[in-house]
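Asks: Below is the file input_22.csv, with CSV, C-alpha atoms and all ligand atoms.
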chain,number,residue,atom,x,y,z
A,1,MET,CA,110.4,36.4,-73.6
A,2,GLU,CA,114.1,37.0,-73.5
A,3,VAL,CA,116.9,34.9,-74.8
A,4,ARG,CA,120.5,35.9,-74.0
A,5,ASN,CA,123.5,34.3,-75.6
A,6,LEU,CA,121.7,31.0,-76.2
A,7,SER,CA,123.8,28.2,-77.5
A,8,VAL,CA,122.9,24.5,-78.1
A,9,SER,CA,125.4,21.8,-79.1
A,10,TYR,CA,124.6,18.2,-80.1
A,11,GLY,CA,127.5,15.8,-79.6
A,12,GLY,CA,130.2,18.5,-80.0
A,13,ALA,CA,128.5,20.2,-83.0
A,14,GLN,CA,127.3,23.7,-82.1
A,15,ILE,CA,123.8,24.1,-83.6
A,16,LEU,CA,122.7,27.5,-82.0
A,17,LYS,CA,125.5,30.0,-81.7
A,18,GLY,CA,124.8,32.7,-79.1
A,19,ILE,CA,121.2,33.8,-80.0
A,20,ASN,CA,119.9,37.0,-78.5
A,21,LEU,CA,116.1,37.8,-78.8
A,22,ARG,CA,113.4,39.8,-77.0
A,23,LEU,CA,109.9,39.1,-77.9
A,24,GLY,CA,106.7,40.6,-76.5
A,25,ALA,CA,103.1,39.5,-77.0
A,26,GLY,CA,102.4,38.8,-80.6
A,27,LEU,CA,102.9,36.4,-83.5
A,28,THR,CA,106.5,35.7,-84.5
A,29,ALA,CA,107.5,33.6,-87.5
A,30,VAL,CA,110.7,31.6,-87.1
A,31,ILE,CA,112.0,30.9,-90.6
A,32,GLY,CA,115.2,29.7,-92.2
A,33,PRO,CA,116.4,26.8,-94.4
A,34,ASN,CA,116.4,23.1,-93.4
A,35,GLY,CA,118.8,22.5,-90.6
A,36,ALA,CA,119.1,26.2,-89.7
A,37,GLY,CA,118.2,25.6,-86.0
A,38,LYS,CA,114.4,26.5,-85.9
A,39,THR,CA,113.3,23.4,-84.1
A,40,THR,CA,116.3,23.5,-81.8
A,41,LEU,CA,115.5,27.1,-80.9
A,42,LEU,CA,111.9,26.3,-80.1
A,43,LYS,CA,112.9,23.2,-78.0
A,44,ALA,CA,115.5,25.2,-76.1
A,45,ILE,CA,113.1,28.0,-75.1
A,46,SER,CA,110.6,25.2,-74.1
A,47,GLY,CA,113.2,23.5,-71.8
A,48,LEU,CA,113.3,20.4,-74.0
A,49,VAL,CA,117.0,20.5,-74.9
A,50,GLY,CA,119.9,21.5,-72.8
A,51,PHE,CA,121.4,24.9,-73.6
A,52,LYS,CA,124.0,27.5,-72.5
A,53,GLY,CA,122.9,31.1,-71.9
A,54,ILE,CA,119.7,32.5,-70.4
A,55,VAL,CA,116.0,32.0,-71.3
A,56,LYS,CA,113.6,34.2,-69.4
A,57,LEU,CA,109.8,33.7,-69.7
A,58,PHE,CA,107.8,36.5,-68.2
A,59,ASP,CA,110.7,37.4,-66.0
A,60,ARG,CA,111.2,33.8,-64.7
A,61,GLU,CA,114.4,32.0,-65.7
A,62,LEU,CA,113.6,28.7,-67.4
A,63,ASP,CA,116.3,26.9,-65.5
A,64,SER,CA,114.6,27.8,-62.1
A,65,LEU,CA,111.2,26.3,-63.0
A,66,ASP,CA,109.8,22.9,-62.1
A,67,GLN,CA,107.9,20.9,-64.8
A,68,ALA,CA,104.4,22.1,-63.9
A,69,GLU,CA,105.5,25.8,-63.7
A,70,ARG,CA,107.3,25.4,-67.0
A,71,VAL,CA,104.3,24.0,-68.9
A,72,ARG,CA,102.1,26.8,-67.5
A,73,LEU,CA,104.6,29.2,-69.1
A,74,VAL,CA,105.6,27.4,-72.3
A,75,THR,CA,104.4,24.6,-74.5
A,76,TYR,CA,106.2,23.2,-77.5
A,77,ILE,CA,103.8,21.7,-80.1
A,78,PRO,CA,105.5,19.2,-82.4
A,79,PRO,CA,104.4,18.7,-86.0
A,80,ILE,CA,104.0,15.0,-85.8
A,81,VAL,CA,104.7,12.2,-83.3
A,82,GLU,CA,105.4,8.5,-83.7
A,83,ALA,CA,102.1,6.8,-83.3
A,84,LEU,CA,101.8,4.1,-80.6
A,85,PRO,CA,99.7,1.2,-82.0
A,86,ASP,CA,96.8,1.3,-79.5
A,87,VAL,CA,96.6,5.0,-78.7
A,88,THR,CA,93.6,6.9,-80.0
A,89,VAL,CA,93.3,10.6,-80.9
A,90,GLY,CA,91.1,10.9,-77.8
A,91,ASP,CA,93.7,9.3,-75.6
A,92,LEU,CA,96.4,11.6,-77.0
A,93,VAL,CA,94.4,14.7,-76.3
A,94,LEU,CA,92.4,13.8,-73.1
A,95,SER,CA,95.1,11.9,-71.2
A,96,ASP,CA,97.6,14.8,-71.2
A,97,SER,CA,98.0,15.8,-67.5
A,98,MET,CA,98.8,19.4,-68.4
A,99,VAL,CA,95.7,20.0,-70.4
A,100,ASP,CA,93.1,22.5,-69.2
A,101,HIS,CA,90.0,20.3,-69.6
A,102,GLY,CA,87.7,23.4,-69.7
A,103,LEU,CA,89.4,24.5,-72.9
A,104,LEU,CA,89.5,21.1,-74.7
A,105,PRO,CA,86.0,21.2,-76.1
A,106,LYS,CA,86.8,24.5,-77.8
A,107,TYR,CA,89.8,23.1,-79.5
A,108,VAL,CA,88.1,19.9,-80.5
A,109,GLU,CA,85.5,22.1,-82.2
A,110,ILE,CA,88.0,24.6,-83.8
A,111,LEU,CA,90.2,21.7,-85.1
A,112,GLN,CA,87.2,19.5,-85.9
A,113,LEU,CA,88.3,16.4,-84.1
A,114,HIS,CA,84.8,15.1,-83.0
A,115,THR,CA,84.7,12.2,-85.4
A,116,LEU,CA,88.4,11.3,-84.9
A,117,LEU,CA,88.5,10.9,-81.1
A,118,THR,CA,88.0,7.1,-81.2
A,119,ARG,CA,90.3,6.6,-84.2
A,120,LYS,CA,93.8,5.0,-83.6
A,121,LEU,CA,96.7,7.4,-84.2
A,122,SER,CA,98.2,4.8,-86.5
A,123,LEU,CA,95.2,5.2,-88.8
A,124,VAL,CA,94.7,9.0,-89.0
A,125,SER,CA,96.2,11.1,-91.8
A,126,SER,CA,99.2,13.4,-91.1
A,127,GLY,CA,97.0,16.5,-91.1
A,128,GLU,CA,94.5,14.9,-88.7
A,129,LEU,CA,97.4,13.9,-86.3
A,130,SER,CA,98.8,17.4,-86.6
A,131,ARG,CA,95.3,18.9,-85.6
A,132,ALA,CA,95.2,16.6,-82.6
A,133,LEU,CA,98.6,17.7,-81.5
A,134,LEU,CA,97.6,21.3,-81.9
A,135,ALA,CA,94.4,20.7,-79.8
A,136,ARG,CA,96.4,19.1,-77.0
A,137,GLY,CA,99.1,21.8,-77.1
A,138,LEU,CA,96.8,24.8,-77.2
A,139,SER,CA,94.6,23.3,-74.5
A,140,ARG,CA,97.6,23.6,-72.1
A,141,ASN,CA,96.9,27.3,-72.2
A,142,SER,CA,100.5,28.3,-71.8
A,143,ARG,CA,101.6,32.0,-72.0
A,144,VAL,CA,104.3,31.2,-74.5
A,145,ILE,CA,103.4,28.8,-77.3
A,146,ALA,CA,106.1,27.4,-79.6
A,147,LEU,CA,104.5,25.7,-82.7
A,148,ASP,CA,106.9,23.6,-84.8
A,149,GLU,CA,105.7,23.4,-88.5
A,150,PRO,CA,102.0,23.7,-87.6
A,151,LEU,CA,101.2,24.5,-91.3
A,152,SER,CA,103.0,21.6,-93.0
A,153,HIS,CA,100.4,18.9,-92.8
A,154,VAL,CA,97.1,20.7,-92.4
A,155,ASP,CA,95.1,21.9,-95.4
A,156,VAL,CA,94.8,25.5,-96.4
A,157,ARG,CA,91.5,26.1,-94.6
A,158,PHE,CA,92.9,24.8,-91.3
A,159,GLN,CA,96.1,26.9,-91.9
A,160,LEU,CA,93.9,30.0,-91.9
A,161,ILE,CA,91.7,28.9,-89.0
A,162,LEU,CA,94.8,28.2,-86.9
A,163,LEU,CA,96.6,31.4,-87.8
A,164,LYS,CA,93.4,33.5,-87.1
A,165,HIS,CA,93.0,31.8,-83.7
A,166,LEU,CA,96.7,32.3,-82.9
A,167,ARG,CA,96.3,36.0,-83.6
A,168,THR,CA,93.4,36.2,-81.1
A,169,LEU,CA,95.6,34.4,-78.5
A,170,SER,CA,98.4,36.8,-79.2
A,171,GLN,CA,96.1,39.8,-78.7
A,172,GLU,CA,95.3,38.3,-75.3
A,173,GLY,CA,99.0,38.7,-74.4
A,174,ARG,CA,100.5,35.4,-75.4
A,175,VAL,CA,103.9,35.2,-77.0
A,176,ILE,CA,103.6,32.9,-80.0
A,177,LEU,CA,106.4,31.5,-82.1
A,178,ILE,CA,105.7,29.6,-85.3
A,179,ALA,CA,108.6,27.8,-87.0
A,180,SER,CA,107.7,27.1,-90.5
A,181,ASN,CA,108.9,26.5,-94.1
A,182,GLN,CA,105.5,27.7,-95.4
A,183,LEU,CA,106.3,31.4,-96.0
A,184,THR,CA,102.8,31.7,-97.5
A,185,PRO,CA,100.4,32.2,-95.8
A,186,LEU,CA,102.6,32.6,-92.7
A,187,LEU,CA,104.2,36.0,-93.5
A,188,SER,CA,100.9,37.6,-94.2
A,189,GLN,CA,99.7,36.8,-90.7
A,190,VAL,CA,102.6,37.5,-88.3
A,191,ASP,CA,103.8,40.6,-86.5
A,192,TYR,CA,107.5,39.8,-86.4
A,193,VAL,CA,110.0,37.5,-88.2
A,194,VAL,CA,113.1,35.8,-86.8
A,195,ALA,CA,115.2,34.4,-89.7
A,196,VAL,CA,117.6,31.8,-88.5
A,197,ASN,CA,120.6,30.7,-90.6
A,198,GLY,CA,123.4,28.5,-89.6
A,199,GLY,CA,122.4,28.7,-85.9
A,200,GLU,CA,122.4,32.5,-85.9
A,201,VAL,CA,119.8,35.2,-86.2
A,202,ALA,CA,120.1,36.6,-89.7
A,203,PHE,CA,117.2,39.0,-89.3
A,204,PHE,CA,114.7,40.1,-86.6
A,205,GLY,CA,112.0,42.6,-87.3
A,206,SER,CA,108.7,43.2,-89.1
A,207,VAL,CA,107.7,41.5,-92.3
A,208,ALA,CA,107.7,44.9,-94.1
A,209,ASP,CA,111.3,45.5,-93.0
A,210,LEU,CA,112.3,41.9,-93.9
A,211,LEU,CA,111.1,42.4,-97.4
A,212,LYS,CA,113.3,45.6,-97.8
A,213,THR,CA,116.4,43.4,-97.2
A,214,ASP,CA,117.9,40.6,-99.3
A,215,THR,CA,117.7,38.2,-96.3
A,216,LEU,CA,115.3,35.7,-97.9
A,217,SER,CA,117.3,35.3,-101.1
A,218,ARG,CA,120.5,35.2,-99.1
A,219,ILE,CA,119.4,32.5,-96.7
A,220,TYR,CA,117.4,30.3,-99.1
A,221,GLY,CA,119.5,30.8,-102.2
A,222,VAL,CA,116.2,31.6,-104.1
A,223,ARG,CA,114.9,34.7,-105.7
A,224,PHE,CA,111.4,35.7,-104.7
A,225,GLU,CA,108.7,37.8,-106.4
A,226,VAL,CA,106.5,39.6,-103.8
A,227,VAL,CA,102.8,39.7,-104.7
A,228,ARG,CA,100.5,41.8,-102.6
A,229,VAL,CA,96.7,41.2,-102.7
A,230,GLY,CA,95.0,43.5,-100.2
A,231,ASP,CA,96.6,42.7,-96.8
A,232,PHE,CA,97.9,39.4,-98.2
A,233,THR,CA,101.6,39.0,-99.1
A,234,ASP,CA,102.5,36.0,-101.3
A,235,LEU,CA,106.1,35.2,-101.9
A,236,ILE,CA,106.7,33.3,-105.2
A,237,PRO,CA,110.0,31.5,-105.4
A,238,VAL,CA,111.3,32.2,-108.9
A,239,GLU,CA,114.7,30.7,-109.4
A,240,PRO,CA,117.9,30.0,-107.5
A,241,SER,CA,119.7,33.3,-106.9
B,301,LIG,N1,119.8,15.2,-81.6
B,301,LIG,C1,120.6,15.7,-82.6
B,301,LIG,N2,121.9,15.2,-82.7
B,301,LIG,C2,122.7,15.7,-83.7
B,301,LIG,N3,122.3,16.7,-84.5
B,301,LIG,C3,121.1,17.2,-84.4
B,301,LIG,C4,120.2,16.7,-83.5
B,301,LIG,N4,119.0,17.3,-83.6
B,301,LIG,C5,119.2,18.2,-84.7
B,301,LIG,N5,120.4,18.1,-85.1
B,301,LIG,C6,121.0,18.9,-86.2
B,301,LIG,O1,120.9,20.3,-85.9
B,301,LIG,C7,120.7,21.1,-87.0
B,301,LIG,C8,119.5,21.9,-86.7
B,301,LIG,O2,118.3,21.1,-86.7
B,301,LIG,P1,116.9,21.7,-86.5
B,301,LIG,O3,115.9,20.5,-86.4
B,301,LIG,O4,116.9,22.7,-85.4
B,301,LIG,O5,116.7,22.5,-87.9
B,301,LIG,P2,115.4,23.2,-88.5
B,301,LIG,O6,115.8,24.6,-88.8
B,301,LIG,O7,114.2,23.0,-87.6
B,301,LIG,O8,115.2,22.5,-89.9
B,301,LIG,P3,113.9,22.0,-90.7
B,301,LIG,O9,113.5,23.1,-91.6
B,301,LIG,O10,114.4,20.8,-91.5
B,301,LIG,O11,112.8,21.6,-89.7
B,301,LIG,C9,120.5,20.1,-88.2
B,301,LIG,O12,121.7,20.1,-88.9
B,301,LIG,C10,120.2,18.8,-87.5
B,301,LIG,O13,120.7,17.7,-88.3
B,302,MG,MG,112.5,21.9,-87.8
Have the structure of the file written as structure tokens, please.
Replies:
Amino acid sequence: MEVRNLSVSYGGAQILKGINLRLGAGLTAVIGPNGAGKTTLLKAISGLVGFKGIVKLFDRELDSLDQAERVRLVTYIPPIVEALPDVTVGDLVLSDSMVDHGLLPKYVEILQLHTLLTRKLSLVSSGELSRALLARGLSRNSRVIALDEPLSHVDVRFQLILLKHLRTLSQEGRVILIASNQLTPLLSQVDYVVAVNGGEVAFFGSVADLLKTDTLSRIYGVRFEVVRVGDFTDLIPVEPS
């Protein structure tokens, strides 16, 4: 995936300011403080908000794709949606025209949705709704997957199940972006990090290289203690820096 000089403005306010990125297959965390532009970046590369600049997905320019081609290439998975009163989890997942129905049973299994399929969206918990949105989005089988806060509502077990599965998908050649405010467990599981701050890329590189810089304390205004347990990296926010 390649992004060149990507800018997004809402009502005259420039939110993304000339972003340049090149991402290959792998897992990339998109981090940064509230309002930095993470969601806007994911929506722009998914063709869901207007932008200036160039977004190329597997050598195809996003602007040149029709909707079906676009969804085959890229899917944005929201953290939560407004529940319509009579729609069930099953309706949400099964009635999506872009879903690959051969893949759906696998995701119903991985995200343990069997018992929820007949439940109204207005009655499910936020983690259950998030799992349903993940099942729908992942079943679209796109080559680029942009997940927005997929860890915020699901419990720690589903966080690990999801991240492990995303790793497998990335090893099959998919480009996966995960926007999140949950630095733990995210940063233990990704190959690359894009840190966004004030609509600009403050850092792009490996987690190991990120931790050699002062990027995190600079963008969040918090000091972090880094704790390593085997392959696992935990960041403990200590105090405002
Ligand atoms: N439709 C809109 N109209 C005006 N401003 C908007 C719109 N959507 C987002 N913004 C603003 O753009 C900025 C970036 O928003 P964005 O949702 O991309 O941030 P984020 O990094 O995802 O933050 P968070 O960590 O809270 O999810 C914010 O200041 C937000 O208020
Ligand atoms: Mg966001």
Asks: Show me which residues sit within 7 Å of ligand LIG 301 (chain B) when counting only C-alpha atoms and all ligand atoms, and put them as a list in words.
Replies: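 For ligand LIG 301 (chain B), the residues inside 7 Å are Tyr10, Gly11, Ile15, Gly32, Pro33, Asn34, Gly35, Ala36, Gly37, Lys38, Thr39, Thr40, Leu41 and Asn181 of chain A.
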Asks: Just how far from atom CA of A:Gly53 is atom CA of A:Val8, in Å to one decimal?
Replies: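 Those two atoms sit 9.1 Å apart.
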Asks: Figure out the distance between atom CA of A:Arg131 and atom CA of A:His114, please, to one decimal in Å.
Replies: 11.5 Å
Asks: If we count all atoms listed in the file and set the cut-off at 6 Å, which residues sit around stretch 88-93 of chain A, ignoring sequence neighbours fewer than 2 positions away in its own chain? Please answer as a ChimeraX atom specification.
Replies: /A:95,117-121,136
Asks: Go ahead and save the picked residues with C-alpha atoms, as an mmCIF file, keeping the file's coordinate frame.
Replies:
data_model
loop_
_atom_site.group_PDB
_atom_site.id
_atom_site.type_symbol
_atom_site.label_atom_id
_atom_site.label_comp_id
_atom_site.auth_asym_id
_atom_site.auth_seq_id
_atom_site.Cartn_x
_atom_site.Cartn_y
_atom_site.Cartn_z
ATOM 1 C CA SER A 95 95.100 11.900 -71.200
ATOM 2 C CA LEU A 117 88.500 10.900 -81.100
ATOM 3 C CA THR A 118 88.000 7.100 -81.200
ATOM 4 C CA ARG A 119 90.300 6.600 -84.200
ATOM 5 C CA LYS A 120 93.800 5.000 -83.600
ATOM 6 C CA LEU A 121 96.700 7.400 -84.200
ATOM 7 C CA ARG A 136 96.400 19.100 -77.000
#
Asks: Nearest to ligand MG 302 (chain B): which of A:Val201, A:Val30, A:Ile110, A:Val55 is it, counting only C-alpha atoms and all ligand atoms?
Replies: A:Val30
Asks: To one decimal place, how far is atom CA of A:Ile19 from atom CA of A:His165 in Å?
Replies: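 Atom CA of A:Ile19 sits 28.5 Å away from atom CA of A:His165.
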Asks: Using only C-alpha atoms and all ligand atoms, find the one residue out of A:Pro78, A:Gly173, A:Gly18, A:Gly102 that sits nearest to ligand MG 302 (chain B).
Replies: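 Selected residue with least distance to ligand MG 302 (chain B): A:Pro78.
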Asks: Applying 9 Å and all atoms listed in the file, which residues near A:Leu104 remain after dropping the ones on its own chain fewer than 6 positions away? List them as a list in words.
Replies: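 Answer for this query is Val93, Leu94, Ala135, Arg136, Leu138, Ser139 and Arg140 of chain A.
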Asks: For each of A:Leu57, A:Val238, A:Val99, A:Leu42, take the minimum atom-to-atom distance to ligand MG 302 (chain B), counting only C-alpha atoms and all ligand atoms, then give the residue where this is smallest.
Replies: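 Once distances to ligand MG 302 (chain B) are computed over only C-alpha atoms and all ligand atoms, the minimum belongs to A:Leu42.
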Asks: Taking only C-alpha atoms into account, name the residue in A:Asn141, A:Ser122, A:Ser188, A:Gln112 that is nearest to A:Arg157.
Replies: A:Gln112
Asks: Choose the residue, out of A:Ser46, A:Thr184, A:Ser206, A:Thr215, that has the smallest atom-to-atom separation from A:Asp234; count all atoms listed in the file.
Replies: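 Ranked by minimum distance to A:Asp234, first place goes to A:Thr184.
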Asks: Which residue gives the smallest distance to ligand MG 302 (chain B) among A:Ile178, A:Ser142, A:Leu169, A:Glu109, with only C-alpha atoms and all ligand atoms counted?
Replies: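 Selected residue with least distance to ligand MG 302 (chain B): A:Ile178.
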Asks: Find the spatial neighbours of stretch 70-77 of chain A, counting all atoms listed in the file, within a cut-off of 9 Å - ignore same-chain residues fewer than 2 positions away - and output them as number ranges by chain.
Replies: A: 42-43, 45-48, 57-58, 62, 65-68, 79-80, 98, 133-134, 136-138, 140-150
Asks: For stretch 117-196 of chain A against stretch 216-223 of chain A, with a cut-off of 12 Å and counting all atoms listed in the file, what is the closest atom pair and its distance in Å to one decimal for every residue that makes the cut, ordered by chain and number, as JSON lines?
Replies:
{"residue": "A:Asn181", "atom": "CA", "partner": "A:Tyr220", "partner_atom": "CA", "distance": 10.6}
{"residue": "A:Leu183", "atom": "CA", "partner": "A:Leu216", "partner_atom": "CA", "distance": 10.2}
{"residue": "A:Leu187", "atom": "CA", "partner": "A:Leu216", "partner_atom": "CA", "distance": 11.9}
{"residue": "A:Val193", "atom": "CA", "partner": "A:Leu216", "partner_atom": "CA", "distance": 11.2}
{"residue": "A:Val194", "atom": "CA", "partner": "A:Leu216", "partner_atom": "CA", "distance": 11.3}
{"residue": "A:Ala195", "atom": "CA", "partner": "A:Leu216", "partner_atom": "CA", "distance": 8.3}
{"residue": "A:Val196", "atom": "CA", "partner": "A:Ile219", "partner_atom": "CA", "distance": 8.4}
Asks: Limit the output to N, CA and C atoms and give stretch 50-64 of chain A as a PDB file, in the first residue's frame.
Replies:
ATOM      1  N   GLY A  50     -13.258  11.797   1.591  1.00  0.00           N
ATOM      2  CA  GLY A  50     -12.565  12.433   0.475  1.00  0.00           C
ATOM      3  C   GLY A  50     -11.166  12.860   0.904  1.00  0.00           C
ATOM      4  N   PHE A  51     -10.240  12.831  -0.022  1.00  0.00           N
ATOM      5  CA  PHE A  51      -8.868  13.221   0.321  1.00  0.00           C
ATOM      6  C   PHE A  51      -8.191  13.840  -0.893  1.00  0.00           C
ATOM      7  N   LYS A  52      -7.083  14.504  -0.618  1.00  0.00           N
ATOM      8  CA  LYS A  52      -6.191  14.962  -1.682  1.00  0.00           C
ATOM      9  C   LYS A  52      -4.938  14.116  -1.608  1.00  0.00           C
ATOM     10  N   GLY A  53      -4.307  13.877  -2.749  1.00  0.00           N
ATOM     11  CA  GLY A  53      -3.105  13.046  -2.765  1.00  0.00           C
ATOM     12  C   GLY A  53      -3.402  11.726  -3.443  1.00  0.00           C
ATOM     13  N   ILE A  54      -2.527  10.754  -3.230  1.00  0.00           N
ATOM     14  CA  ILE A  54      -2.660   9.469  -3.924  1.00  0.00           C
ATOM     15  C   ILE A  54      -2.661   8.320  -2.916  1.00  0.00           C
ATOM     16  N   VAL A  55      -3.636   7.407  -3.078  1.00  0.00           N
ATOM     17  CA  VAL A  55      -3.636   6.153  -2.323  1.00  0.00           C
ATOM     18  C   VAL A  55      -3.582   5.029  -3.346  1.00  0.00           C
ATOM     19  N   LYS A  56      -2.540   4.203  -3.249  1.00  0.00           N
ATOM     20  CA  LYS A  56      -2.406   3.068  -4.167  1.00  0.00           C
ATOM     21  C   LYS A  56      -2.463   1.775  -3.374  1.00  0.00           C
ATOM     22  N   LEU A  57      -3.344   0.859  -3.788  1.00  0.00           N
ATOM     23  CA  LEU A  57      -3.471  -0.432  -3.132  1.00  0.00           C
ATOM     24  C   LEU A  57      -3.093  -1.497  -4.148  1.00  0.00           C
ATOM     25  N   PHE A  58      -2.035  -2.219  -3.884  1.00  0.00           N
ATOM     26  CA  PHE A  58      -1.559  -3.240  -4.818  1.00  0.00           C
ATOM     27  C   PHE A  58      -1.489  -2.667  -6.250  1.00  0.00           C
ATOM     28  N   ASP A  59      -0.885  -1.491  -6.345  1.00  0.00           N
ATOM     29  CA  ASP A  59      -0.652  -0.817  -7.638  1.00  0.00           C
ATOM     30  C   ASP A  59      -1.908  -0.294  -8.321  1.00  0.00           C
ATOM     31  N   ARG A  60      -3.050  -0.335  -7.644  1.00  0.00           N
ATOM     32  CA  ARG A  60      -4.262   0.274  -8.210  1.00  0.00           C
ATOM     33  C   ARG A  60      -4.548   1.563  -7.451  1.00  0.00           C
ATOM     34  N   GLU A  61      -4.855   2.618  -8.193  1.00  0.00           N
ATOM     35  CA  GLU A  61      -5.201   3.872  -7.512  1.00  0.00           C
ATOM     36  C   GLU A  61      -6.617   3.787  -6.968  1.00  0.00           C
ATOM     37  N   LEU A  62      -6.771   4.106  -5.691  1.00  0.00           N
ATOM     38  CA  LEU A  62      -8.077   4.006  -5.033  1.00  0.00           C
ATOM     39  C   LEU A  62      -9.157   4.760  -5.819  1.00  0.00           C
ATOM     40  N   ASP A  63      -8.813   5.925  -6.311  1.00  0.00           N
ATOM     41  CA  ASP A  63      -9.775   6.762  -7.041  1.00  0.00           C
ATOM     42  C   ASP A  63     -10.315   6.098  -8.299  1.00  0.00           C
ATOM     43  N   SER A  64      -9.569   5.120  -8.845  1.00  0.00           N
ATOM     44  CA  SER A  64      -9.971   4.531 -10.127  1.00  0.00           C
ATOM     45  C   SER A  64     -10.846   3.287  -9.933  1.00  0.00           C
TER      46      SER A  64
END
